[in-house]
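Enquirer: Below you'll find entry15.cif; it's mmCIF, C-alpha atoms.
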data_data
loop_
_atom_site.label_atom_id
_atom_site.label_comp_id
_atom_site.auth_asym_id
_atom_site.auth_seq_id
_atom_site.Cartn_x
_atom_site.Cartn_y
_atom_site.Cartn_z
CA MET A 583 26.67 -9.90 48.80
CA SER A 584 27.74 -12.50 46.34
CA ASN A 585 29.53 -11.32 43.17
CA SER A 586 28.72 -14.49 41.31
CA ALA A 587 26.64 -14.30 38.15
CA PHE A 588 22.93 -14.98 38.55
CA ALA A 589 21.99 -18.46 37.39
CA SER A 590 18.40 -19.47 36.83
CA THR A 591 17.24 -22.97 37.61
CA ARG A 592 13.79 -22.29 36.17
CA ARG A 593 12.82 -24.43 33.18
CA PRO A 594 12.09 -22.31 30.08
CA VAL A 595 8.47 -21.98 29.00
CA SER A 596 7.77 -23.45 25.57
CA ARG A 597 5.80 -20.99 23.43
CA ARG A 598 4.51 -23.89 21.37
CA ALA A 599 3.37 -25.77 24.44
CA PHE A 600 1.73 -22.63 25.81
CA LEU A 601 -0.28 -22.06 22.67
CA ARG A 602 -1.18 -25.73 22.52
CA GLY A 603 -2.44 -25.44 26.10
CA VAL A 604 -4.71 -22.59 25.08
CA GLY A 605 -6.04 -24.81 22.32
CA VAL A 606 -5.19 -22.57 19.36
CA ALA A 607 -2.44 -22.03 16.84
CA LEU A 608 -2.11 -18.27 17.27
CA SER A 609 -0.62 -15.84 14.79
CA LEU A 610 -1.92 -12.43 15.68
CA PRO A 611 -0.82 -10.18 12.81
CA MET A 612 -3.39 -9.54 10.09
CA LEU A 613 -6.31 -11.75 11.03
CA ASP A 614 -9.29 -10.89 8.87
CA VAL A 615 -11.08 -9.76 12.01
CA MET A 616 -8.47 -7.06 12.55
CA ARG A 617 -9.56 -5.10 9.54
CA PRO A 618 -12.96 -3.48 10.15
CA ALA A 619 -13.49 -0.68 12.68
CA PHE A 620 -15.61 2.44 13.15
CA ALA A 621 -15.98 4.91 10.28
CA ARG A 622 -17.19 8.48 10.54
CA GLU A 623 -20.92 8.82 10.96
CA PRO A 624 -23.04 9.60 7.88
CA GLY A 625 -23.41 13.33 7.41
CA SER A 626 -20.23 14.14 9.31
CA ALA A 627 -18.57 17.36 8.17
CA GLU A 628 -15.15 15.72 8.40
CA ARG A 629 -13.44 15.34 5.04
CA PRO A 630 -10.78 12.68 5.35
CA ARG A 631 -7.36 12.48 3.76
CA ARG A 632 -6.38 9.37 1.88
CA PHE A 633 -3.43 7.62 0.24
CA LEU A 634 -3.08 5.45 -2.87
CA GLY A 635 0.33 3.90 -3.50
CA ILE A 636 1.08 2.40 -6.93
CA CYS A 637 4.22 0.53 -7.96
CA ASN A 638 4.96 -0.55 -11.52
CA ASN A 639 7.75 -2.98 -10.78
CA LEU A 640 9.43 -2.65 -14.18
CA GLY A 641 9.39 1.13 -14.11
CA VAL A 642 9.43 3.27 -17.22
CA LEU A 643 11.98 4.30 -19.83
CA PRO A 644 13.95 6.95 -17.91
CA GLU A 645 14.75 9.14 -20.91
CA GLU A 646 11.05 9.37 -21.77
CA PHE A 647 9.89 10.05 -18.18
CA PHE A 648 12.30 12.50 -16.55
CA PRO A 649 12.15 16.19 -17.55
CA THR A 650 15.43 17.86 -18.48
CA GLU A 651 14.57 21.04 -16.56
CA ALA A 652 13.86 21.51 -12.86
CA GLY A 653 11.29 23.67 -11.08
CA ARG A 654 7.64 24.51 -11.66
CA ASP A 655 8.12 25.75 -15.23
CA TYR A 656 9.83 22.64 -16.56
CA LYS A 657 9.06 21.43 -20.07
CA PRO A 658 7.15 18.14 -19.75
CA SER A 659 8.90 15.00 -20.93
CA PRO A 660 7.18 12.89 -23.62
CA TYR A 661 5.43 10.78 -20.97
CA LEU A 662 4.44 13.70 -18.76
CA GLU A 663 2.89 15.47 -21.74
CA LEU A 664 0.10 12.91 -21.39
CA LEU A 665 -0.61 14.40 -17.94
CA THR A 666 -0.55 18.03 -19.07
CA ALA A 667 -4.06 18.70 -17.75
CA HIS A 668 -2.78 17.96 -14.23
CA LYS A 669 0.69 19.55 -14.45
CA LYS A 670 0.06 21.97 -11.57
CA ASP A 671 -1.31 19.18 -9.40
CA PHE A 672 1.66 16.81 -9.19
CA THR A 673 5.38 16.78 -8.47
CA VAL A 674 7.83 14.61 -10.37
CA PHE A 675 11.04 13.58 -8.62
CA SER A 676 14.43 12.60 -10.01
CA GLY A 677 17.54 11.60 -8.11
CA VAL A 678 15.67 9.78 -5.33
CA TRP A 679 16.10 6.27 -3.97
CA HIS A 680 15.51 3.97 -1.04
CA PRO A 681 18.93 3.82 0.65
CA ASP A 682 20.48 0.35 0.33
CA VAL A 683 17.35 -1.19 -1.21
CA ASP A 684 19.10 -3.27 -3.84
CA GLY A 685 18.70 -6.74 -5.29
CA GLY A 686 16.85 -5.95 -8.50
CA HIS A 687 13.37 -7.46 -8.70
CA PRO A 688 12.97 -8.30 -4.97
CA ALA A 689 13.09 -4.56 -4.30
CA ASP A 690 9.46 -4.18 -5.41
CA ASN A 691 8.31 -5.61 -2.07
CA CYS A 692 10.17 -2.73 -0.40
CA PHE A 693 8.69 0.14 -2.40
CA LEU A 694 6.56 1.25 0.57
CA THR A 695 8.76 -0.19 3.34
CA ALA A 696 12.27 0.93 2.30
CA ALA A 697 13.70 -2.10 4.14
CA PRO A 698 17.33 -2.49 2.96
CA HIS A 699 18.92 -5.41 1.11
CA PRO A 700 15.83 -7.41 0.12
CA GLY A 701 17.91 -9.80 -1.95
CA ASN A 702 19.95 -11.01 1.02
CA ALA A 703 19.43 -14.42 2.57
CA GLY A 704 17.33 -14.17 5.70
CA PHE A 705 15.84 -10.81 4.71
CA ARG A 706 12.76 -9.80 6.69
CA ASN A 707 10.60 -6.93 5.53
CA THR A 708 9.33 -4.10 7.72
CA ILE A 709 6.02 -2.26 7.95
CA SER A 710 4.77 -0.52 4.81
CA LEU A 711 3.64 3.09 4.69
CA ASP A 712 -0.04 2.22 4.27
CA GLN A 713 -0.03 -0.20 7.20
CA TYR A 714 1.81 2.25 9.43
CA ALA A 715 -1.03 4.71 8.83
CA ALA A 716 -3.74 2.05 8.99
CA GLU A 717 -2.53 0.86 12.40
CA ARG A 718 -3.06 4.37 13.74
CA ILE A 719 -6.16 5.68 11.98
CA GLY A 720 -7.49 2.78 9.91
CA HIS A 721 -10.17 2.16 12.52
CA LEU A 722 -12.06 5.16 11.15
CA THR A 723 -13.35 3.12 8.20
CA ARG A 724 -14.91 -0.31 7.66
CA PHE A 725 -11.68 -1.53 6.04
CA PRO A 726 -8.44 -0.05 7.43
CA SER A 727 -6.72 -0.71 4.09
CA LEU A 728 -7.03 -2.35 0.68
CA THR A 729 -4.18 -4.31 -0.92
CA LEU A 730 -4.64 -4.68 -4.67
CA GLY A 731 -2.62 -6.24 -7.46
CA VAL A 732 -2.53 -6.88 -11.21
CA ASN A 733 -1.05 -10.13 -12.58
CA VAL A 734 0.61 -10.72 -9.22
CA SER A 735 2.37 -13.98 -8.46
CA ARG A 736 0.43 -14.87 -5.31
CA GLY A 737 2.54 -15.29 -2.22
CA ALA A 738 5.52 -13.57 -3.80
CA ARG A 739 4.72 -9.87 -4.19
CA SER A 740 2.77 -7.15 -2.42
CA LEU A 741 3.18 -3.51 -1.46
CA SER A 742 1.56 -4.01 1.97
CA TRP A 743 3.49 -5.51 4.88
CA THR A 744 2.69 -5.74 8.58
CA GLY A 745 4.84 -4.56 11.46
CA ASP A 746 6.05 -8.15 11.85
CA GLY A 747 7.22 -8.23 8.24
CA ALA A 748 4.39 -10.45 7.03
CA MET A 749 3.12 -9.95 3.50
CA ILE A 750 -0.54 -9.02 3.00
CA PRO A 751 -1.69 -10.85 -0.16
CA CYS A 752 -3.15 -8.80 -2.98
CA GLU A 753 -6.76 -8.82 -4.09
CA GLU A 754 -6.45 -9.53 -7.82
CA LYS A 755 -10.07 -9.39 -8.96
CA ALA A 756 -11.93 -6.10 -9.05
CA SER A 757 -15.18 -8.07 -8.81
CA ASP A 758 -14.09 -9.56 -5.46
CA VAL A 759 -13.20 -6.09 -4.17
CA PHE A 760 -16.62 -4.81 -5.22
CA LYS A 761 -18.38 -7.69 -3.48
CA LYS A 762 -16.35 -7.21 -0.32
CA LEU A 763 -17.06 -3.49 -0.12
CA TYR A 764 -20.64 -3.13 -1.33
CA LEU A 765 -22.61 -6.38 -1.41
CA GLN A 766 -24.44 -7.08 1.83
CA GLY A 767 -24.26 -10.65 3.10
CA SER A 768 -27.35 -12.71 3.78
CA PRO A 769 -28.64 -12.85 7.38
CA GLU A 770 -27.11 -16.31 7.76
CA GLU A 771 -23.73 -15.13 6.42
CA ILE A 772 -23.80 -12.24 8.87
CA ARG A 773 -24.59 -14.59 11.77
CA ASP A 774 -21.73 -16.91 10.72
CA GLN A 775 -19.28 -14.02 10.67
CA VAL A 776 -20.45 -12.80 14.08
CA ARG A 777 -19.96 -16.32 15.47
CA ARG A 778 -16.40 -16.36 14.08
CA LEU A 779 -15.74 -13.01 15.72
CA ASP A 780 -17.14 -14.22 19.04
CA ARG A 781 -14.95 -17.31 18.85
CA GLY A 782 -11.96 -15.11 18.13
CA ARG A 783 -12.70 -13.02 21.22
CA SER A 784 -12.93 -16.17 23.35
CA ILE A 785 -9.50 -17.19 22.04
CA MET A 786 -8.15 -13.80 23.10
CA ASP A 787 -9.68 -14.25 26.57
CA ALA A 788 -8.01 -17.65 26.90
CA VAL A 789 -4.65 -16.30 25.79
CA ALA A 790 -4.88 -13.36 28.19
CA GLY A 791 -5.82 -15.68 31.06
CA GLN A 792 -2.88 -17.99 30.43
CA LEU A 793 -0.50 -15.05 30.13
CA GLY A 794 -1.77 -13.66 33.43
CA LEU A 795 -0.73 -16.88 35.17
CA LEU A 796 2.61 -16.88 33.39
CA ASN A 797 3.31 -13.26 34.35
CA ARG A 798 3.78 -14.14 38.05
CA ASN A 799 7.04 -16.00 37.37
CA LEU A 800 8.70 -13.62 34.94
CA GLY A 801 11.62 -11.26 35.37
CA ALA A 802 11.32 -7.55 34.63
CA PRO A 803 12.46 -7.68 30.95
CA ASP A 804 10.03 -10.50 30.18
CA ARG A 805 7.22 -8.66 31.98
CA ASP A 806 7.84 -5.61 29.79
CA ARG A 807 7.69 -7.72 26.64
CA LEU A 808 4.57 -9.46 27.90
CA ASP A 809 2.92 -6.10 28.65
CA GLN A 810 3.56 -5.04 25.05
CA TYR A 811 2.04 -8.30 23.83
CA LEU A 812 -1.02 -7.88 26.04
CA THR A 813 -1.46 -4.34 24.78
CA GLY A 814 -1.65 -5.83 21.28
CA VAL A 815 -4.17 -8.42 22.46
CA ARG A 816 -6.36 -5.72 24.00
CA ASP A 817 -6.14 -3.65 20.82
CA LEU A 818 -7.15 -6.70 18.79
CA GLU A 819 -10.12 -7.29 21.10
CA LYS A 820 -11.28 -3.72 20.46
CA ARG A 821 -10.98 -4.23 16.72
CA MET A 822 -12.93 -7.45 16.91
CA ALA A 823 -15.69 -5.73 18.87
CA ALA A 824 -15.78 -3.01 16.22
CA ALA A 825 -15.87 -5.64 13.48
CA LYS A 826 -18.90 -7.21 15.12
CA GLU A 827 -20.66 -3.84 15.10
CA TRP A 828 -19.87 -3.44 11.40
CA GLU A 829 -21.54 -6.75 10.55
CA TYR A 830 -24.89 -5.24 11.54
CA ARG A 831 -24.38 -1.96 9.69
CA PRO A 832 -25.34 -1.74 6.00
CA LYS A 833 -22.63 -1.36 3.42
CA PRO A 834 -22.64 1.71 1.13
CA LYS A 835 -24.99 1.65 -1.84
CA VAL A 836 -23.36 2.61 -5.13
CA ASP A 837 -24.68 3.26 -8.62
CA ALA A 838 -21.73 1.51 -10.24
CA LYS A 839 -22.29 -1.94 -11.67
CA PRO A 840 -20.17 -4.86 -10.44
CA PRO A 841 -17.05 -5.00 -12.66
CA VAL A 842 -16.35 -7.90 -14.97
CA ASP A 843 -12.80 -9.19 -14.59
CA PRO A 844 -10.79 -9.67 -17.80
CA ALA A 845 -10.03 -13.37 -18.03
CA ASP A 846 -6.92 -13.00 -20.17
CA PRO A 847 -3.69 -11.85 -18.49
CA ARG A 848 -2.89 -10.05 -21.75
CA GLU A 849 -5.67 -7.58 -20.86
CA TYR A 850 -3.21 -5.98 -18.47
CA MET A 851 -4.22 -2.38 -19.08
CA GLU A 852 -7.91 -3.12 -18.61
CA LYS A 853 -7.10 -4.79 -15.30
CA VAL A 854 -5.18 -1.69 -14.22
CA ARG A 855 -8.13 0.52 -15.16
CA ARG A 856 -10.53 -1.62 -13.11
CA MET A 857 -8.26 -1.51 -10.06
CA TYR A 858 -7.98 2.28 -10.32
CA ASP A 859 -11.78 2.43 -10.44
CA ALA A 860 -11.99 0.12 -7.41
CA ALA A 861 -9.66 2.31 -5.36
CA ARG A 862 -11.42 5.52 -6.39
CA LEU A 863 -14.86 4.15 -5.51
CA ALA A 864 -13.59 2.85 -2.16
CA PHE A 865 -12.37 6.37 -1.34
CA GLU A 866 -15.61 7.99 -2.55
CA THR A 867 -17.65 5.80 -0.20
CA ASP A 868 -15.12 6.18 2.64
CA SER A 869 -14.87 2.40 2.82
CA THR A 870 -11.13 2.80 3.33
CA ARG A 871 -8.57 5.59 3.26
CA PHE A 872 -5.46 3.60 2.38
CA ALA A 873 -4.96 1.48 -0.72
CA THR A 874 -1.96 0.00 -2.50
CA LEU A 875 -1.68 -1.42 -6.00
CA MET A 876 1.15 -3.66 -7.20
CA LEU A 877 1.38 -3.64 -10.99
CA ASP A 878 3.34 -6.84 -11.44
CA SER A 879 4.84 -6.38 -14.86
CA VAL A 880 7.46 -9.07 -14.17
CA ASN A 881 4.80 -11.79 -14.30
CA SER A 882 2.88 -10.34 -17.23
CA PRO A 883 3.02 -12.09 -20.60
CA ALA A 884 2.77 -10.40 -23.96
CA ILE A 885 0.04 -7.82 -23.35
CA HIS A 886 -2.65 -6.17 -25.41
CA VAL A 887 -1.91 -2.51 -26.11
CA ASP A 888 -2.86 -0.09 -28.89
CA GLY A 889 -5.05 -2.68 -30.58
CA HIS A 890 -2.51 -5.48 -30.80
CA ASP A 891 -0.40 -7.80 -28.66
CA THR A 892 3.24 -7.12 -27.92
CA THR A 893 5.66 -9.51 -29.57
CA ASP A 894 7.22 -10.54 -26.28
CA GLY A 895 6.47 -10.68 -22.57
CA TYR A 896 6.53 -7.41 -20.63
CA HIS A 897 9.58 -8.51 -18.61
CA ASN A 898 11.58 -9.51 -21.68
CA LEU A 899 10.74 -6.22 -23.38
CA SER A 900 12.12 -4.35 -20.37
CA HIS A 901 15.49 -6.02 -21.00
CA HIS A 902 15.54 -4.37 -24.37
CA GLY A 903 19.32 -4.21 -24.87
CA LYS A 904 18.67 -0.95 -26.76
CA SER A 905 16.68 -2.80 -29.42
CA LYS A 906 14.56 -0.20 -31.21
CA ALA A 907 11.72 -2.68 -31.79
CA LYS A 908 11.51 -3.52 -28.09
CA ILE A 909 11.87 0.11 -26.98
CA ASP A 910 9.05 1.18 -29.29
CA GLN A 911 6.74 -1.40 -27.70
CA LEU A 912 7.81 -0.34 -24.21
CA LYS A 913 6.99 3.25 -25.10
CA SER A 914 3.47 2.21 -26.05
CA ILE A 915 3.07 0.38 -22.73
CA ASP A 916 4.47 3.27 -20.69
CA GLN A 917 2.27 5.77 -22.50
CA TRP A 918 -0.79 3.71 -21.60
CA HIS A 919 0.26 3.80 -17.96
CA MET A 920 0.30 7.60 -18.18
CA LYS A 921 -3.08 7.67 -19.95
CA LEU A 922 -4.63 5.56 -17.20
CA LEU A 923 -3.16 7.87 -14.56
CA ASP A 924 -4.74 10.77 -16.42
CA GLU A 925 -8.10 8.96 -16.26
CA LEU A 926 -7.65 8.29 -12.55
CA PHE A 927 -6.81 11.92 -11.73
CA THR A 928 -9.68 13.20 -13.87
CA GLY A 929 -12.13 10.82 -12.18
CA MET A 930 -10.99 11.91 -8.73
CA LYS A 931 -11.35 15.56 -9.67
CA GLY A 932 -14.91 14.86 -10.75
CA HIS A 933 -16.01 13.84 -7.24
CA GLN A 934 -16.76 16.86 -5.05
CA GLU A 935 -16.27 16.90 -1.28
CA GLY A 936 -17.44 20.26 0.04
CA ASN A 937 -15.34 22.93 -1.63
CA GLU A 938 -12.64 20.39 -2.53
CA THR A 939 -12.45 17.29 -4.69
CA LEU A 940 -11.52 13.70 -3.95
CA PHE A 941 -8.23 14.42 -5.74
CA ASP A 942 -7.52 17.33 -3.40
CA ARG A 943 -7.94 15.02 -0.40
CA THR A 944 -6.02 12.01 -1.81
CA MET A 945 -2.26 11.58 -2.03
CA VAL A 946 -1.40 9.45 -5.07
CA LEU A 947 2.12 8.04 -5.25
CA TYR A 948 3.11 6.43 -8.56
CA GLY A 949 6.57 5.02 -9.04
CA SER A 950 8.84 2.02 -9.24
CA ASN A 951 11.53 0.14 -7.42
CA MET A 952 13.47 0.13 -10.70
CA GLY A 953 15.36 3.15 -11.96
CA ASN A 954 16.18 1.21 -15.11
CA ALA A 955 14.79 -2.30 -15.58
CA ASN A 956 17.17 -2.96 -18.49
CA THR A 957 20.10 -2.96 -16.05
CA HIS A 958 18.26 -3.78 -12.78
CA VAL A 959 19.35 -0.43 -11.32
CA THR A 960 17.46 0.53 -8.14
CA THR A 961 18.67 4.13 -7.95
CA ASN A 962 17.22 7.30 -9.52
CA LEU A 963 13.70 5.96 -9.17
CA PRO A 964 10.91 7.36 -11.36
CA VAL A 965 8.42 8.86 -8.90
CA LEU A 966 5.33 11.00 -9.41
CA PHE A 967 3.35 12.39 -6.46
CA ALA A 968 -0.06 13.97 -7.04
CA GLY A 969 -2.92 15.63 -5.15
CA GLY A 970 -3.30 15.39 -1.41
CA GLY A 971 -3.08 19.00 -0.27
CA PHE A 972 0.48 19.96 -1.21
CA LYS A 973 1.91 22.94 -3.08
CA HIS A 974 3.28 20.88 -5.91
CA ALA A 975 6.74 21.86 -6.99
CA GLY A 976 6.89 20.78 -10.62
CA HIS A 977 10.12 18.83 -11.04
CA LEU A 978 12.18 18.37 -7.86
CA ALA A 979 15.57 17.34 -9.21
CA PHE A 980 18.08 15.85 -6.77
CA ASP A 981 21.60 14.58 -7.41
CA ARG A 982 21.33 11.59 -9.74
CA GLU A 983 24.66 10.22 -8.56
CA ARG A 984 24.19 10.73 -4.80
CA ASN A 985 20.48 10.21 -4.45
CA TYR A 986 18.14 11.80 -1.93
CA PRO A 987 16.10 9.46 0.37
CA LEU A 988 12.57 8.85 -0.90
CA PRO A 989 11.40 7.90 2.65
CA ASN A 990 11.55 11.63 3.42
CA LEU A 991 8.46 11.95 1.21
CA PHE A 992 6.79 9.26 3.32
CA VAL A 993 7.34 11.33 6.46
CA SER A 994 5.75 14.35 4.77
CA MET A 995 2.80 12.19 3.75
CA LEU A 996 2.30 10.81 7.25
CA GLN A 997 2.37 14.29 8.67
CA ARG A 998 -0.22 15.38 6.10
CA LEU A 999 -2.44 12.60 7.44
CA GLY A 1000 -2.15 14.26 10.84
CA LEU A 1001 0.23 11.69 12.33
CA GLU A 1002 2.92 13.04 14.64
CA THR A 1003 6.08 11.42 13.35
CA ASP A 1004 9.43 12.64 12.13
CA ARG A 1005 10.84 9.33 10.90
CA PHE A 1006 9.95 6.43 8.66
CA ALA A 1007 12.42 3.70 7.69
CA THR A 1008 15.64 5.34 6.41
CA SER A 1009 14.30 8.89 6.29
CA THR A 1010 16.41 11.85 7.38
CA GLY A 1011 13.52 14.33 7.72
CA THR A 1012 10.68 15.57 5.56
CA MET A 1013 10.83 15.97 1.78
CA ARG A 1014 12.90 19.02 0.89
CA GLY A 1015 11.18 21.43 -1.49
CA LEU A 1016 7.64 20.11 -0.98
CA GLU A 1017 5.27 22.31 1.03
CA LEU A 1018 1.79 21.82 2.40
CA ALA A 1019 -1.02 23.67 0.66
#
Let me see whether you can do it: turn the structure in this file into structure tokens.
Expert:
Amino acid sequence: MSNSAFASTRRPVSRRAFLRGVGVALSLPMLDVMRPAFAREPGSAERPRRFLGICNNLGVLPEEFFPTEAGRDYKPSPYLELLTAHKKDFTVFSGVWHPDVDGGHPADNCFLTAAPHPGNAGFRNTISLDQYAAERIGHLTRFPSLTLGVNVSRGARSLSWTGDGAMIPCEEKASDVFKKLYLQGSPEEIRDQVRRLDRGRSIMDAVAGQLGLLNRNLGAPDRDRLDQYLTGVRDLEKRMAAAKEWEYRPKPKVDAKPPVDPADPREYMEKVRRMYDAARLAFETDSTRFATLMLDSVNSPAIHVDGHDTTDGYHNLSHHGKSKAKIDQLKSIDQWHMKLLDELFTGMKGHQEGNETLFDRTMVLYGSNMGNANTHVTTNLPVLFAGGGFKHAGHLAFDRERNYPLPNLFVSMLQRLGLETDRFATSTGTMRGLELA
């Protein structure tokens, strides 16, 4: 037997040439046709669990947000006093972080991924919490997930990322979300969409056929990789078939009127309110079970709050340099964020599902990638976690110098959704001190 190294004389296959031979420019992740799938049947006794993730990418004033006492009987901080009606229904965390997620503002894209070092050259994001869940159980609803944003710089920021590290752009108009979820297309529009889906399935057939021919000449490692790819193709075909079925099924009818989008970016708080309403209504109608909302404060100008405009842009106010005038305006902004959360929680509690409420069945995560926007610190993140079927623990206070991994909370959340997993990103287990109800 020869001891010489194996040398291949086979010419490498060009991926570009292969795709050109199929006649398509193929990029599988996050085609529109991947989104719809089968929801539970009307009248089903199943009451689903849901998740809403919210990131305010400039955070809040730490001294006004964090309580000074730990445990269930903590005295609410000035900001948390605005959520007093829900005190037993949420947990506030201090001393948590995403390990090695640094870089200041770029860290907002990692709030639900926990991918380290987002400011580094060549950084590639990883899958976000909502998409991890949507890949596994998103087929139970018409839309596996919703990705929402307020004042977002398109193409630059989002909370939702695919397994390939591709950003899912935010829907920025509540009116567009309403139309997408509740307004039925005309017969011609439905036929056009079905034709697009059929064409997409023919593309998948062509790709699979070409790959079958290619498979004969591959070594074992390449065959394994190709099998994984084909598994993805088959899964996509199933989703496309489900999407076609959805096109013929009526969308939910709602009593709510289509929202009117504020035209002025200064109407920041009103935009937030409309997006909260959009997410709540989507959950009520079981149109989706996973939604994210990026509150892009970095790109917000002077905003309208408490009956007047701030004197400076939101971002500049966050770099307050301990200026009392700027801090006072930031307090007003932060307080409005808490008031809108109070409205959201109250609205969710007002929707009954059997002997529980929508709030009881929905995990709401509110937080930031910034522990202190004034200094661009990305440790000791302000995080509030509400609802969702947990025994809420008041204030879970971890070491503010040696922070505890926030991805542990993500593992607990995934398990609450019924997913069998013990890891997500840089987690080390489940969230210590937080128990299931």
Enquirer: Do you know which residues the PyMOL selection byres ((chain A and resi 920) around 12) returns on this file, as a ChimeraX atom specification?
Expert: /A:638,641-642,646-647,659-668,851,854-855,913-919,921-927,948-949,966
Enquirer: Within 8 Å of (3.4, -12.6, -18.0), in the coordinates the file gives, what residues turn up when you count only C-alpha atoms, written out as an MDAnalysis selection string?
Expert: chainID A and resid 733 847:848 879:885 895:897
Enquirer: Do you know which residues the PyMOL selection byres ((chain A and resi 840) around 8) returns on this file, as a ChimeraX atom specification?
Expert: /A:757,760-761,838-839,841-842
Enquirer: Have a look at CA of Leu988 in chain A and CA of Val678 in chain A and let me know their distance in Å, one decimal.
Expert: 5.5 Å
Enquirer: Which of these residues is nearest to Asp682 in chain A, using only C-alpha atoms: A:Phe1006, A:Thr892, A:Pro987, A:Leu996?
Expert: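 Under the stated criterion, the closest residue is A:Pro987.
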Enquirer: Figure out the distance between CA of Met952 in chain A and CA of Phe648 in chain A, please, to one decimal in Å.
Expert: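 Computing it gives 13.7 Å between the two atoms.
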Enquirer: Figure out the distance between CA of Gly731 in chain A and CA of Glu852 in chain A, please, to one decimal in Å.
Expert: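 Between CA of Glu852 in chain A and CA of Gly731 in chain A the gap works out to 12.7 Å.
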Enquirer: Take the PyMOL selection byres ((chain A and resi 943) around 8), run it mentally on this structure, and tell me the resulting residues as a short mmCIF file (atom, residue, chain, number, x, y, z; two decimals) with C-alpha atoms, in the frame of the given file.
Expert:
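Result file follows (expr.cif):
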data_model
loop_
_atom_site.label_atom_id
_atom_site.label_comp_id
_atom_site.auth_asym_id
_atom_site.auth_seq_id
_atom_site.Cartn_x
_atom_site.Cartn_y
_atom_site.Cartn_z
CA ARG A 629 -13.44 15.34 5.04
CA PRO A 630 -10.78 12.68 5.35
CA ARG A 631 -7.36 12.48 3.76
CA ARG A 632 -6.38 9.37 1.88
CA GLU A 938 -12.64 20.39 -2.53
CA THR A 939 -12.45 17.29 -4.69
CA LEU A 940 -11.52 13.70 -3.95
CA PHE A 941 -8.23 14.42 -5.74
CA ASP A 942 -7.52 17.33 -3.40
CA THR A 944 -6.02 12.01 -1.81
CA MET A 945 -2.26 11.58 -2.03
CA GLY A 969 -2.92 15.63 -5.15
CA GLY A 970 -3.30 15.39 -1.41
CA GLY A 971 -3.08 19.00 -0.27
#
Enquirer: Restricting the calculation to only C-alpha atoms: of A:Thr893, A:Ser676, A:Asn956, A:Asn639, which residue gets closest to Gly976 in chain A?
Expert: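 The closest residue to Gly976 in chain A is A:Ser676.
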Enquirer: Could you tell me which of A:Ala845, A:Ala715, A:Tyr850, A:Pro644 comes closest to Arg998 in chain A if we count only C-alpha atoms?
Expert: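 Using only C-alpha atoms, Arg998 in chain A sits closest to A:Ala715.
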Enquirer: Nearest to Pro698 in chain A among A:Val674, A:Ala1007, A:Leu1018, A:Leu730, with distances taken over all atoms listed in the file: which residue is it?
Expert: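 Closest to Pro698 in chain A of all the choices is A:Ala1007.
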Enquirer: Ranking A:Lys755, A:Arg724, A:Arg984, A:His687 by minimum distance to Ala738 in chain A and counting all atoms listed in the file, which one comes first?
Expert: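 Looking only at the distances to Ala738 in chain A, the closest residue turns out to be A:His687.
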Enquirer: Which of these, A:Gln934, A:Gly653, A:Asp868, A:Phe672, has the shortest distance to Val965 in chain A once you count all atoms listed in the file?
Expert: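 Among the listed residues, the smallest separation from Val965 in chain A belongs to A:Phe672.
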